[in-house]
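**Student:** I'd like to ask you about the structure that follows.
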There are 2 protein chains.
Amino acid sequence: MIDILIREIEKKQNPTVVGLDTNFDYLPDAMRAGVQDLKGAADAIVLFNQKLVDAVADVVPAVKVQIAYYEMYGVEGLRAFAETCRYAKGKGLIVMADAKRNDIGATAECYAKAYLGETAVGERVFAAFDSDFLTVNGYLGSDGIKPFLGWMQRRSKGIFVLVKTSNPSSGELQDLKLENGKTVYEYMGALVEEWGEGSIGKYGYSDVGAVVGATHPVQAEILRREMPHTFFLIPGYGAQGGTAADLKVCFDKNGRGGIVNSSRGILCAYRQEKYTGMPFDVAARQACVDMKDDLNRAING
Amino acid sequence: MIDILIREIEKKQNPTVVGLDTNFDYLPDAMRAGVQDLKGAADAIVLFNQKLVDAVADVVPAVKVQIAYYEMYGVEGLRAFAETCRYAKGKGLIVMADAKRNDIGATAECYAKAYLGETAVGERVFAAFDSDFLTVNGYLGSDGIKPFLGWMQRRSKGIFVLVKTSNPSSGELQDLKLENGKTVYEYMGALVEEWGEGSIGKYGYSDVGAVVGATHPVQAEILRREMPHTFFLIPGYGAQGGTAADLKVCFDKNGRGGIVNSSRGILCAYRQEKYTGMPFDVAARQACVDMKDDLNRAING
C-alpha cells in the first residue's frame, strides 16, 4: 500500500493529506440551520465531506478521517464515517482511518478486521469500515500489533503506529530516557522498523508507518535517521503550530518519506481572512494548493 | 463513580465484571442459524447479551463492553454496542466501555463526549454512547487525558488508564527500565495517581483507575504499593491464564481495590464440560457464581 501512496503523492506533487475531522460546528451556518438531532448532524457532515472531497480530489492524494469526530455523534456518526470513507475511495483518494486502536491480540484482531480486514458472518464476509491505512497505538507491544500486520499483508493495506505525537504533553511519556540512553519514542521507533521489515516496497519504505508530529522537529530528525524504512504520517502542521520548515527533517534526500496532515486549516479555510468570500469547498481547495506550495518549497528548497 | 462501583461490589460480595466481548461465533448454534449479514449478526448479539445480562444482573455489579467486538460488525455492530450498554444500565448494572481511546487534546475531547459526556447539536445535547467508565490509553500524556477528566467530573463518571496490560508482550514497552531505575509502567502509574488526585472518594480510591493485568502478579504487587489511591480493572483471569491467587496482590487489606474481568469464561461457559447441558445464560450465571467464590476465597483467604 505504501508504494501506491508514494506514487499518488508524486503524481499530484503534493505530500498533503486532508484531515476530515469534521465537527458539525465547522459547517457553514446554512448547512447547520434547523438541524437538531444526531441524524441531521451526521447527514450534514456527510454532505460537507462529499463537497469537500469533490473539491480537493485532484489536488491531494489522500484523506485522513478522524473517527473521534464521528463517534461523538453516535451510531449515526459512525454511519457518516463509513459513508465518508466510501465516498472518498470512490473518488480515487487513499483513505486513512485515524482511530489509534490498540488492544491485546485477540481483541486487536477485531479492530484489524473492522478497518483493514473482513468479518465473517455465516458463509459471507464483510469489510465493515474498509480503509487503506489505520493508525494504531503500540503501548501493548508486538502481540497487539501482529493482527494488523496479518490483515495488512492479506489485503494490501498499511498502518501508522504512534511514535512521537504532535501534542504539547507528548514528551511526558514518549521523551523519557531509558537506562540505555535512548528515549521511549526511539524504542517505539525501533519496534516499528522491525514490524515493517517484511513489507518494504520499491521506494524503500514499508507498509508499517509512524506518526511523527511536525511540532517536534528535534525528535523528528532523530527518528528520520533511525527509521530509514519508515514512512511518516505527520500531524501538527498549521493550527497546532508546526511549520513547513519544521517538518523538512521528516523527508529524505529525494523529498520522500512523509505525508503531512492538515484538518482545520482546510475544513475551516473559508473562515480565514485570506479566503474571505469563497464557498467552503473552494476555500478548502485553495488551502490545499497553498499548502502544497508551502510544503514543496520547504522540502525541496 | 468509583464509590458507587465499590458499593455495588460490596453489596453483591462480588468483585467480578462480565466482559461482553460478544463475538457472533460465541453464540449457540440456534441463535446463529440462518444469519447471513451484519444486521442479523448484530441483532443476534443484542439478544444474546440481553439474556446474559438478565441472568447475571443480580450476581455481578458491572459489565465491560469491549467495543472492538462490535466495530467489526460495522455500523450495525455499533448499534448493538449502544443497545447493549443501555440495556445493562437499565438492569442496574454499571457499564464500562472498553475502548482504550487516546488522542491529542481536541480529539480526545470528542471521545470524552462520545462515551462520558454530551455532544451538542443546535440547541440540544445527546449522550451518544453513555457509559459509566471508559478505558483509555495514556501514551500521549496529560493533555490527551484531561478532556476525559473534565467530563468525568461534570457527569460523575470514571476512567481506567492502561498501565500494565495482561497480554504476553506487554513488557516490551511497559517494562522498560528508565534511567532513574523505575519502569515505564511505574511512571504511567505515577501519572495516573496524579490525574486522580482531585477525585478521591470515601473508600480512598479515585475516579481515575488503572488497567493492571492478572497475568503479571510481580508488576501488579509493585503497582498496588505505588498506587494507593488507584482502583484496578484487572483483565487476564481465566482464558488468558491469570488465577485468583495471582491477582490477590491487587487488593488492599480490606479486600478492596480492584474488579476482575472475565469474558470468554462467562460468555462461552456453556461450552465448558462442567456446565454441559445448561442453556448459555444459566451456564453464564453459574460461572459468575463460581468465579465469585474463587475470587473471594483468594482475596479474603
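Following the order of the C-alpha cells, first chain is A, next is B, and so on, with residues numbered from 1 inside each chain and ligands from 1 in the order they appear.
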Residues of chain A within 7 Å of chain B, using only C-alpha atoms, as a PyMOL selection string?
**Tutor:** chain A and resi 35-38+41+68-69+71-75+78-79+100+102+104+107+110-111+113-114+119+121-124+128-129+139-143+165+167+169-170+172-173+177-179
**Student:** Could you pull out the strand (DSSP E) residues of range 62-110 of chain A from DSSP and send them as a short mmCIF file (atom, residue, chain, number, x, y, z; two decimals) with N, CA and C atoms, in the first residue's frame?
**Tutor:**
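Result saved to states.cif:
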data_model
loop_
_atom_site.label_atom_id
_atom_site.label_comp_id
_atom_site.auth_asym_id
_atom_site.auth_seq_id
_atom_site.Cartn_x
_atom_site.Cartn_y
_atom_site.Cartn_z
N ALA A 62 -4.76 11.92 -0.61
CA ALA A 62 -5.37 11.12 0.46
C ALA A 62 -6.20 11.97 1.41
N VAL A 63 -7.13 11.32 2.09
CA VAL A 63 -7.81 11.94 3.23
C VAL A 63 -7.58 11.07 4.46
N LYS A 64 -7.57 11.73 5.61
CA LYS A 64 -7.46 11.04 6.89
C LYS A 64 -8.74 11.36 7.66
N VAL A 65 -9.51 10.32 7.95
CA VAL A 65 -10.80 10.55 8.60
C VAL A 65 -10.65 10.23 10.09
N GLN A 66 -10.77 11.25 10.90
CA GLN A 66 -10.57 11.12 12.34
C GLN A 66 -11.88 10.63 12.97
N ILE A 94 -6.87 7.91 -1.42
CA ILE A 94 -6.44 6.93 -0.43
C ILE A 94 -7.06 7.34 0.91
N VAL A 95 -7.61 6.35 1.62
CA VAL A 95 -8.35 6.66 2.86
C VAL A 95 -7.60 6.13 4.08
N MET A 96 -7.28 7.05 4.97
CA MET A 96 -6.66 6.67 6.24
C MET A 96 -7.69 6.82 7.35
N ALA A 97 -7.92 5.74 8.08
CA ALA A 97 -8.80 5.81 9.25
C ALA A 97 -7.92 6.15 10.45
N ASP A 98 -8.15 7.33 11.01
CA ASP A 98 -7.35 7.74 12.17
C ASP A 98 -8.12 7.37 13.42
N ALA A 99 -7.79 6.21 14.00
CA ALA A 99 -8.58 5.67 15.11
C ALA A 99 -7.70 5.28 16.30
N LYS A 100 -6.38 5.24 16.09
CA LYS A 100 -5.42 4.94 17.17
C LYS A 100 -5.84 3.74 18.00
N ARG A 101 -6.31 2.68 17.33
CA ARG A 101 -6.79 1.50 18.02
C ARG A 101 -5.65 0.72 18.65
#
**Student:** So that I can check the surroundings of Asp3 in chain A, please list as a ChimeraX atom specification every protein, DNA and RNA residue that reaches within 7 Å of it, counting only C-alpha atoms and ignoring chain neighbours fewer than 6 positions away.
**Tutor:** /A:201-203
**Student:** Just want the 7 Å neighbourhood of Ala269 in chain B, counted on only C-alpha atoms, with same-chain residues fewer than 5 positions away dropped. Output as a list in words.
**Tutor:**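 My reading of the contact set: Tyr275, Phe280, Ala283, Ala284 and Ala287 of chain B.
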**Student:** Keeping only C-alpha atoms, write those residues as a PDB file, in the first residue's frame.
**Tutor:**
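Result written to part19.pdb:
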ATOM      1  CA  TYR B 275     -21.596 -26.638  32.591  1.00  0.00           C
ATOM      2  CA  PHE B 280     -25.875 -20.366  27.780  1.00  0.00           C
ATOM      3  CA  ALA B 283     -24.179 -21.530  32.463  1.00  0.00           C
ATOM      4  CA  ALA B 284     -23.017 -17.908  32.458  1.00  0.00           C
ATOM      5  CA  ALA B 287     -19.804 -19.309  36.008  1.00  0.00           C
TER       6      ALA B 287
END
**Student:** Please list as an mmCIF file with C-alpha atoms, in the first residue's frame every residue within 12 Å of Gly255 in chain B, counting only C-alpha atoms and excluding residues in the same chain fewer than 5 positions away.
**Tutor:**
data_model
loop_
_atom_site.group_PDB
_atom_site.id
_atom_site.type_symbol
_atom_site.label_atom_id
_atom_site.label_comp_id
_atom_site.auth_asym_id
_atom_site.auth_seq_id
_atom_site.Cartn_x
_atom_site.Cartn_y
_atom_site.Cartn_z
ATOM 1 C CA ILE B 6 -17.213 -0.235 45.244
ATOM 2 C CA ILE B 9 -19.170 -4.812 44.650
ATOM 3 C CA GLU B 10 -19.683 -4.969 48.421
ATOM 4 C CA GLN B 13 -19.960 -9.510 47.522
ATOM 5 C CA ASN B 14 -18.520 -9.968 44.061
ATOM 6 C CA PRO B 15 -15.539 -8.143 42.514
ATOM 7 C CA TYR B 203 -13.096 4.439 50.247
ATOM 8 C CA PHE B 231 -8.643 1.217 41.761
ATOM 9 C CA LEU B 247 -4.435 -11.335 41.472
ATOM 10 C CA LYS B 248 -4.764 -11.303 45.240
ATOM 11 C CA VAL B 249 -1.901 -8.757 45.245
ATOM 12 C CA CYS B 250 -4.166 -6.231 43.524
ATOM 13 C CA LEU B 295 -12.097 -14.709 43.973
ATOM 14 C CA ASN B 296 -13.454 -14.288 47.475
ATOM 15 C CA ARG B 297 -11.557 -17.339 48.685
ATOM 16 C CA ALA B 298 -8.297 -15.958 47.305
ATOM 17 C CA ILE B 299 -8.787 -12.311 48.307
ATOM 18 C CA ASN B 300 -10.059 -12.921 51.827
ATOM 19 C CA GLY B 301 -8.268 -16.219 52.395
#
**Student:** Pick out the residues sitting within 9 Å of Met31 in chain A, and hand them over as a PyMOL selection string; count only C-alpha atoms, and ignore anything fewer than 3 positions along from it in its own chain.
**Tutor:** chain A and resi 27-28+34-35+44-45+47-48
**Student:** Please produce a file of those selected residues containing N, CA and C atoms, as a short mmCIF file (atom, residue, chain, number, x, y, z; two decimals), in the first residue's frame.
**Tutor:**
data_model
loop_
_atom_site.label_atom_id
_atom_site.label_comp_id
_atom_site.auth_asym_id
_atom_site.auth_seq_id
_atom_site.Cartn_x
_atom_site.Cartn_y
_atom_site.Cartn_z
N LEU A 27 -19.25 23.46 10.10
CA LEU A 27 -20.02 23.65 8.86
C LEU A 27 -20.53 25.09 8.73
N PRO A 28 -20.68 25.56 7.50
CA PRO A 28 -21.25 26.91 7.29
C PRO A 28 -22.66 26.98 7.90
N GLY A 34 -31.40 24.63 11.36
CA GLY A 34 -32.54 23.75 11.57
C GLY A 34 -32.18 22.34 12.02
N VAL A 35 -30.91 21.99 12.01
CA VAL A 35 -30.53 20.63 12.41
C VAL A 35 -30.56 20.53 13.94
N ALA A 44 -25.59 16.15 7.53
CA ALA A 44 -24.95 17.41 7.11
C ALA A 44 -23.44 17.23 6.98
N ILE A 45 -22.86 16.47 7.89
CA ILE A 45 -21.41 16.21 7.85
C ILE A 45 -21.04 15.44 6.59
N LEU A 47 -22.61 15.43 3.73
CA LEU A 47 -22.76 16.34 2.60
C LEU A 47 -21.56 17.28 2.50
N PHE A 48 -21.17 17.82 3.64
CA PHE A 48 -20.00 18.71 3.70
C PHE A 48 -18.76 17.96 3.20
#
**Student:** Going by DSSP on the backbone, which bits of range 85-126 of chain A are helix (DSSP H, G or I)? Write them as a compact mmCIF listing (two decimals) with C-alpha atoms, in the first residue's frame, please.
**Tutor:**
# COMPACT_ATOMS: atom_id res chain seq x y z
CA CYS A 85 -14.63 6.74 3.64
CA ARG A 86 -16.58 5.06 0.85
CA TYR A 87 -17.15 8.32 -1.00
CA ALA A 88 -13.50 9.38 -0.81
CA LYS A 89 -12.37 5.98 -2.03
CA GLY A 90 -14.84 6.20 -4.91
CA GLY A 105 -4.03 -9.81 20.40
CA ALA A 106 -7.49 -11.40 20.24
CA THR A 107 -9.18 -8.00 20.51
CA ALA A 108 -6.78 -6.22 18.17
CA GLU A 109 -7.79 -8.89 15.65
CA CYS A 110 -11.35 -7.48 15.81
CA TYR A 111 -10.14 -3.94 15.18
CA ALA A 112 -7.97 -5.21 12.32
CA LYS A 113 -10.98 -6.90 10.77
CA ALA A 114 -13.09 -3.76 11.21
CA TYR A 115 -10.76 -1.34 9.40
**Student:** Hey, what's within 7 Å of Pro61 in chain A if we count only C-alpha atoms and toss same-chain stuff fewer than 2 positions away? As a PDB file with C-alpha atoms, in the first residue's frame, please?
**Tutor:**
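Generated file (selection_20.pdb):
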ATOM      1  CA  GLU A   8      -0.031   9.230  -5.717  1.00  0.00           C
ATOM      2  CA  ILE A   9       1.961  11.824  -3.797  1.00  0.00           C
ATOM      3  CA  LYS A  12      -0.007  15.056  -7.599  1.00  0.00           C
ATOM      4  CA  VAL A  17      -3.419  14.525   3.471  1.00  0.00           C
ATOM      5  CA  VAL A  59      -5.117  18.143  -5.740  1.00  0.00           C
ATOM      6  CA  LEU A  93      -8.431   9.052  -2.854  1.00  0.00           C
ATOM      7  CA  ILE A  94      -6.445   6.925  -0.425  1.00  0.00           C
TER       8      ILE A  94
END
**Student:** Quick check, in Å to one decimal: how far apart do CA of Phe160 in chain B and CA of Arg256 in chain B lie?
**Tutor:**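 Straight-line distance from CA of Phe160 in chain B to CA of Arg256 in chain B works out to 16.2 Å.
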**Student:** Tell me which of A:Gln50, A:Ser199, A:Ser263, A:Asn254 sits closest to Ala239 in chain A, counting only C-alpha atoms.
**Tutor:**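 Nearest to Ala239 in chain A: A:Ser263.
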**Student:** Select, from B:Gly277, B:Gly19, B:Pro217, B:Pro228, the residue with the minimum atom-to-atom distance to Ala190 in chain B, counting only C-alpha atoms.
**Tutor:**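 Counting only C-alpha atoms, the residue closest to Ala190 in chain B is B:Pro228.
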